[in-house]
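Since the structure comes first, as structure tokens, the remarks are kept for the end.
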Amino acid sequence: MAVEKRVRFKSAWLPWVLLAPQLLVITVFFFWPAGQALVQSLQQQDAFGTSVEWIGLDNFRRLWADESYLASFQTTAVFSILVAGLGLTIALTLAVFADRVIKGAAFYKTLLIWPYAVAPAVAGVLWLFMFAPSIGIVSYALHMMGIEWNSLLNSGDAMTLIVMAAVWKQISYNFLFFLAGLQSIPKSLIEAAAIDGAGPWRRFRTIVFPLLSPVTFFLLVINIVYAFFDTFAIVDAATQGGPGKDTAILVYKVYYDGFKAMDLGGSAAQSVVLMVIVIALTVVQFRYVENKVNY
Amino acid sequence: MKKLHLSAIALTATLALPAQAQTEIQWWHSMTGGLNDWVVDLANGFNASQKDYKIVPTYKGQYDESMTAAIAAFRAGNAPHILQVFEVGTATMMSSKGAIVPAGKVMADAGHKFDPNAYISAVVGYYTAPNGQMLSFPLNSSTTILNYNKDAFKAAGLDPNKPPATWPELALAAAKLKASGHKCPFTTSWQGWTQLESFSTWHNTLFASQNNGFGGTSARLSVNSPLHERHIENLANMSKQGLFVYKGRNNLGDAPFFSGECAMATASSSTYASIKKNAKFDFGIAPLPYYPDVTGAPQNTIIGGASLWTMSGKPAKDYKGVGEFFHYLSNPEVQAKSHQRTGYLPITYAAYKLTDASGFYKNNPGTDVAVNQMIRKTTDKSRGIRLGNFVQIRAIQDEELEQVWSGKKSAKDALDSIVKRGNEQLERFEKANKS
């Protein structure tokens, strides 16, 4: 007969007490603001909040009628896929190499983790300084090599600029998790494969990568959320959504309409749309991608 | 011993008394660098002139940031007394009826007669309600002018004392500058403000219906007129030929002029102090160019800059202090000094005359250009442009014009698009502010 080894608490209230601090934090910092966004998305109010009018779904109707808003879905998709894809690939490559380094490992790791401490707005300005047409040192070098770089008027250049800044800032975070994941893979497994004659690439493909999959999956979710929500400061500092609206990702418009243009109702409606998208994406990821994860 | 003790109390009491009786007036502003020093000097000057009130200026970030901060503070019930708001925020402030106290009323309540005729109409008219009441106090007003590099003009074989007066002349000058090896003959800052808004009033042409929004919130944009189209097409052609080089939104076009990279730039007249400080070349200031075949041109340009709004919900005695401060700022000597120091426009005729009499304009050629563009008698079409959701409309102008400079859209498509998208903003503003 199997002996029940797990400790069981019979109390009805103890779990709630233990959960209470976390629930409180989630309620105050997530459910409450999210609820307010839902309420405000149905309202139209002047900047000072002196007059509030219920307008039903008008804010949403206006969004669907706005071509530039619909276009920014595509911009956001391109941006998010590039940021999450490049961010994960580069970080994994760096982590695999850093994992092998024996001398000065701490030095490399410190340098690689550093950019995570940089605020998004600062990251945006930093990259803008290097790539600004006519004053940026990199754009000057490109000009010398005969490549015309103009992020002010060329959409491709502008998108490249914000993707670089956003990826650069997120690589550290990804790197940290990948490195920890790599270090938790038992060396004996890899050695056994090596004895069986598997080369480095094969060992990575058949042993390391599958064992890393929980980390990779976690990072995929985090990176998509990052690309969707945390990147408005980079866009604001580097391109302000231009040229035209070609780098105006959804969250930048939320920020712009709410904080610069004082259109709280419209901004709230957009953040509700954004919330729905991210919830849907997360559900999809958990339902379909998680199946392929080995814990 | 006891006597000494008593006198000590008396001494502390007399020392503490003025501080206790003084009412502090909070003033949030967005002025940095030399302009911040100016704001602090204005406050110090007022504080030294009387004992009852103390103006406390605080820098709260750029214009949009300080406005957001003040709105958040107002909603939380601790707004400042005085808030500096940029001109595009004017319609938003005007429509928030419960949040503000008209500047004219504040001054009248403090016992100072407010004479609208003493103020330069193109400046004060912008901040005046249809019933003639001045709603906010114009602190710093600038307008659109053309800066040009005299050294570059000489090098290109152009007469440095004869700047281009019209757009066709400007294009010819730009071509000569380019031929002499200049990479950036002409650029602009604030493209919407200089090339569409001020351009409209300068040609006595409407930017929007309802007299550019002065007649009410049912105003709609009219920037896709043949004149506007002609100008933007002209600039697009110049851009293709490398005569006009786009340097970015807002004031990003200023730095390339300061550094000498661009030879001509349409910009705010408030760049004067910075150019004087930074430029290592001889520079000149000219009026905004115009099209000579347009009847009524040149009329007058419009203002940019900011004004001081009084926030509601403070004790009556505080408002007396605000009124006294506005009265102090209207003083011709204070005005003239500010005008000469910052390059911002004077707001009273008296300040202008005082500056003229002092020989300032003669000694600093070009400083009178902005004033001359503004002190003309305005028409209904040129009084200014005051639209709801103007912040968004500015952004729409930036977005659409960028499409023209990059060759993605024709001038006509972009202007039609500005009208369409801008009108959506105006319709929404009208709906939100139906009282």
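Letters A, B, ... mark the chains of the structure tokens in the order given; residue numbers begin at 1 per chain; ligand numbers begin at 1, in order shown.
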Select residues of chain B: the criterion is any atom within 8 Å of an atom of chain A, counting only C-alpha atoms; output as a list of chain:residue names.
-> B:Asp64, B:Glu65, B:Thr68, B:Ile71, B:Ala72, B:Phe74, B:Arg75, B:Thr92, B:Ser96, B:Gly98, B:Ala99, B:Tyr246, B:Lys247, B:Gly248, B:Asn389, B:Val391, B:Gln392, B:Asp398, B:Glu399, B:Glu400, B:Leu401, B:Glu402, B:Gln403, B:Trp405, B:Ser406, B:Ala432, B:Asn433
Looking only at the backbone, which of the residues in region 187-291 of chain B does DSSP tag as strand (DSSP E or B), as a list in words?
->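 Result set for region 187-291 of chain B (strand (DSSP E or B)): Thr187, Thr188, Ala208, Leu221, Phe244, Cys262, Ala263, Met264, Ala265, Thr266, Ala267, Ser268, Phe283, Gly284, Ile285, Ala286 and Tyr290 of chain B.
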Restricting the output to N, CA and C atoms, write the selected residues as an mmCIF file, in the first residue's frame.
data_model
loop_
_atom_site.group_PDB
_atom_site.id
_atom_site.type_symbol
_atom_site.label_atom_id
_atom_site.label_comp_id
_atom_site.auth_asym_id
_atom_site.auth_seq_id
_atom_site.Cartn_x
_atom_site.Cartn_y
_atom_site.Cartn_z
ATOM 1 N N THR B 187 16.252 73.694 -44.248
ATOM 2 C CA THR B 187 15.508 72.728 -43.453
ATOM 3 C C THR B 187 14.470 73.494 -42.630
ATOM 4 N N THR B 188 13.677 72.772 -41.850
ATOM 5 C CA THR B 188 12.679 73.448 -41.039
ATOM 6 C C THR B 188 12.502 72.729 -39.705
ATOM 7 N N ALA B 208 -8.449 76.335 -40.953
ATOM 8 C CA ALA B 208 -9.646 75.580 -40.578
ATOM 9 C C ALA B 208 -10.842 76.517 -40.632
ATOM 10 N N LEU B 221 -10.845 71.252 -40.731
ATOM 11 C CA LEU B 221 -9.619 71.658 -41.417
ATOM 12 C C LEU B 221 -9.858 71.987 -42.893
ATOM 13 N N PHE B 244 15.900 70.873 -49.975
ATOM 14 C CA PHE B 244 15.292 70.853 -48.640
ATOM 15 C C PHE B 244 15.628 69.497 -48.022
ATOM 16 N N CYS B 262 23.069 73.206 -42.015
ATOM 17 C CA CYS B 262 22.035 73.724 -42.894
ATOM 18 C C CYS B 262 22.166 75.240 -42.988
ATOM 19 N N ALA B 263 21.981 75.768 -44.192
ATOM 20 C CA ALA B 263 22.240 77.186 -44.409
ATOM 21 C C ALA B 263 21.021 78.058 -44.135
ATOM 22 N N MET B 264 19.815 77.514 -44.314
ATOM 23 C CA MET B 264 18.592 78.272 -44.043
ATOM 24 C C MET B 264 17.641 77.367 -43.278
ATOM 25 N N ALA B 265 16.868 77.966 -42.362
ATOM 26 C CA ALA B 265 15.909 77.153 -41.611
ATOM 27 C C ALA B 265 14.739 78.007 -41.171
ATOM 28 N N THR B 266 13.528 77.543 -41.444
ATOM 29 C CA THR B 266 12.371 78.207 -40.861
ATOM 30 C C THR B 266 12.229 77.643 -39.444
ATOM 31 N N ALA B 267 12.081 78.553 -38.478
ATOM 32 C CA ALA B 267 12.149 78.133 -37.080
ATOM 33 C C ALA B 267 11.374 79.102 -36.205
ATOM 34 N N SER B 268 11.385 78.847 -34.920
ATOM 35 C CA SER B 268 10.755 79.748 -33.965
ATOM 36 C C SER B 268 11.681 80.934 -33.705
ATOM 37 N N PHE B 283 25.018 85.286 -38.725
ATOM 38 C CA PHE B 283 23.688 84.837 -39.138
ATOM 39 C C PHE B 283 22.720 86.011 -39.268
ATOM 40 N N GLY B 284 21.663 85.777 -40.018
ATOM 41 C CA GLY B 284 20.651 86.801 -40.194
ATOM 42 C C GLY B 284 19.266 86.240 -39.933
ATOM 43 N N ILE B 285 18.309 87.135 -39.598
ATOM 44 C CA ILE B 285 16.930 86.718 -39.394
ATOM 45 C C ILE B 285 16.071 87.425 -40.434
ATOM 46 N N ALA B 286 15.233 86.674 -41.125
ATOM 47 C CA ALA B 286 14.373 87.257 -42.153
ATOM 48 C C ALA B 286 12.932 86.848 -41.887
ATOM 49 N N TYR B 290 6.990 84.061 -48.556
ATOM 50 C CA TYR B 290 5.596 83.923 -48.970
ATOM 51 C C TYR B 290 5.546 83.813 -50.492
#
Neighbour list for region 423-426 of chain B as a VMD selection string, cut-off 9 Å, only C-alpha atoms, skip fewer than 5 positions in-chain = chain B and resid 217 to 221 387 to 390 392 to 393 418 431
Write out as a VMD selection string each polymer residue whose atoms come within 8 Å of region 280-294 of chain A, counting only C-alpha atoms; drop sequence neighbours fewer than 6 positions from it.
-> chain A and resid 210 to 211 213 to 214 217 221
Kindly export the residues of the current selection with C-alpha atoms, as an mmCIF file, in the first residue's frame.
data_model
loop_
_atom_site.group_PDB
_atom_site.id
_atom_site.type_symbol
_atom_site.label_atom_id
_atom_site.label_comp_id
_atom_site.auth_asym_id
_atom_site.auth_seq_id
_atom_site.Cartn_x
_atom_site.Cartn_y
_atom_site.Cartn_z
ATOM 1 C CA PRO A 210 14.909 19.765 -25.331
ATOM 2 C CA LEU A 211 16.036 20.003 -21.718
ATOM 3 C CA SER A 213 12.503 23.870 -23.395
ATOM 4 C CA PRO A 214 10.789 24.906 -20.128
ATOM 5 C CA PHE A 217 8.883 28.541 -23.269
ATOM 6 C CA VAL A 221 5.917 34.311 -23.087
#
Please report, as number ranges by chain, each residue of region 136-173 of chain A to which DSSP assigns helix (DSSP H, G or I) when run on this structure's backbone.
-> A: 137-144, 155-173
Quick one: everything within 6 Å of Pro120 (chain A), counting only C-alpha atoms, minus sequence neighbours fewer than 3 positions away in the same chain. Send it as an MDAnalysis selection string.
-> chainID A and resid 123 233:234
Residues from the last selection, C-alpha atoms, saved as a PDB file, in the first residue's frame:
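Produced file result-v8.pdb, reproduced below:
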ATOM      1  CA  ALA A 123      18.339  52.481 -24.372  1.00  0.00           C
ATOM      2  CA  ALA A 233       9.752  54.324 -24.157  1.00  0.00           C
ATOM      3  CA  ILE A 234      12.216  53.030 -26.742  1.00  0.00           C
TER       4      ILE A 234
END
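Those residues that approach Thr32 (chain B) to within 9 Å, counting only C-alpha atoms, are Asn36, Asp37, Tyr59, Gly61 and Gln62 of chain B; same-chain residues fewer than 4 positions away are not listed.
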Could the residues in this selection be saved with N, CA and C atoms as an mmCIF file, in the first residue's frame?
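The file below, out-v4.cif, is the result:
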data_model
loop_
_atom_site.group_PDB
_atom_site.id
_atom_site.type_symbol
_atom_site.label_atom_id
_atom_site.label_comp_id
_atom_site.auth_asym_id
_atom_site.auth_seq_id
_atom_site.Cartn_x
_atom_site.Cartn_y
_atom_site.Cartn_z
ATOM 1 N N ASN B 36 15.145 79.106 -17.826
ATOM 2 C CA ASN B 36 14.845 78.791 -16.433
ATOM 3 C C ASN B 36 15.369 79.913 -15.531
ATOM 4 N N ASP B 37 16.577 80.404 -15.834
ATOM 5 C CA ASP B 37 17.130 81.523 -15.059
ATOM 6 C C ASP B 37 16.202 82.728 -15.154
ATOM 7 N N TYR B 59 10.264 73.632 -11.972
ATOM 8 C CA TYR B 59 10.341 73.018 -13.296
ATOM 9 C C TYR B 59 9.692 71.635 -13.247
ATOM 10 N N GLY B 61 9.194 69.484 -16.048
ATOM 11 C CA GLY B 61 9.358 68.740 -17.297
ATOM 12 C C GLY B 61 8.920 69.556 -18.493
ATOM 13 N N GLN B 62 8.986 68.932 -19.687
ATOM 14 C CA GLN B 62 8.603 69.635 -20.906
ATOM 15 C C GLN B 62 7.117 69.969 -20.886
#
Which is closer to Lys353 (chain B) than all the others in B:Glu430, B:Asp52, B:Glu333, B:Glu87, using only C-alpha atoms?
-> B:Glu333
For CA of Asn212 (chain B) and CA of Tyr63 (chain B), determine how far apart the two atoms are, in Å to one decimal place.
-> 22.8 Å
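Counting only C-alpha atoms and comparing B:Ser209, B:Gln191, B:Asn331, B:Asn363, the residue that lies closest to Ala395 (chain B) is B:Gln191.
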Within 10 Å of Gly34 (chain B), counting only C-alpha atoms, which residues show up once you throw out same-chain ones fewer than 2 positions away? Write them as an mmCIF file with C-alpha atoms, in the first residue's frame, please.
data_model
loop_
_atom_site.group_PDB
_atom_site.id
_atom_site.type_symbol
_atom_site.label_atom_id
_atom_site.label_comp_id
_atom_site.auth_asym_id
_atom_site.auth_seq_id
_atom_site.Cartn_x
_atom_site.Cartn_y
_atom_site.Cartn_z
ATOM 1 C CA MET B 31 11.637 76.443 -19.026
ATOM 2 C CA THR B 32 15.181 75.069 -19.088
ATOM 3 C CA ASN B 36 14.845 78.791 -16.433
ATOM 4 C CA ASP B 37 17.130 81.523 -15.059
ATOM 5 C CA TRP B 38 14.751 84.049 -16.570
ATOM 6 C CA VAL B 39 11.722 82.479 -14.862
ATOM 7 C CA ALA B 273 19.319 83.416 -27.910
ATOM 8 C CA SER B 274 20.628 79.934 -28.707
ATOM 9 C CA ARG B 341 16.592 88.954 -22.870
ATOM 10 C CA THR B 342 14.779 85.960 -24.350
#
Any idea what the distance is between CA of Gly111 (chain B) and CA of Lys320 (chain B)?
->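 CA of Lys320 (chain B) lies at a distance of 8.5 Å from CA of Gly111 (chain B).
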CA of Ile303 (chain B) sits from CA of Leu354 (chain B) at a separation of 21.4 Å
Of the candidates B:Asn211, B:Thr194, B:Gln373, B:Thr367, which shows the shortest atom-to-atom distance to Thr301 (chain B), using only C-alpha atoms?
->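 Among B:Asn211, B:Thr194, B:Gln373, B:Thr367, it is B:Gln373 that comes nearest to Thr301 (chain B).
Among the candidates B:Thr348, B:Ser136, B:Ser121, B:Thr144, the residue lying nearest to Gly323 (chain B) is B:Ser136 (atoms considered: only C-alpha atoms).
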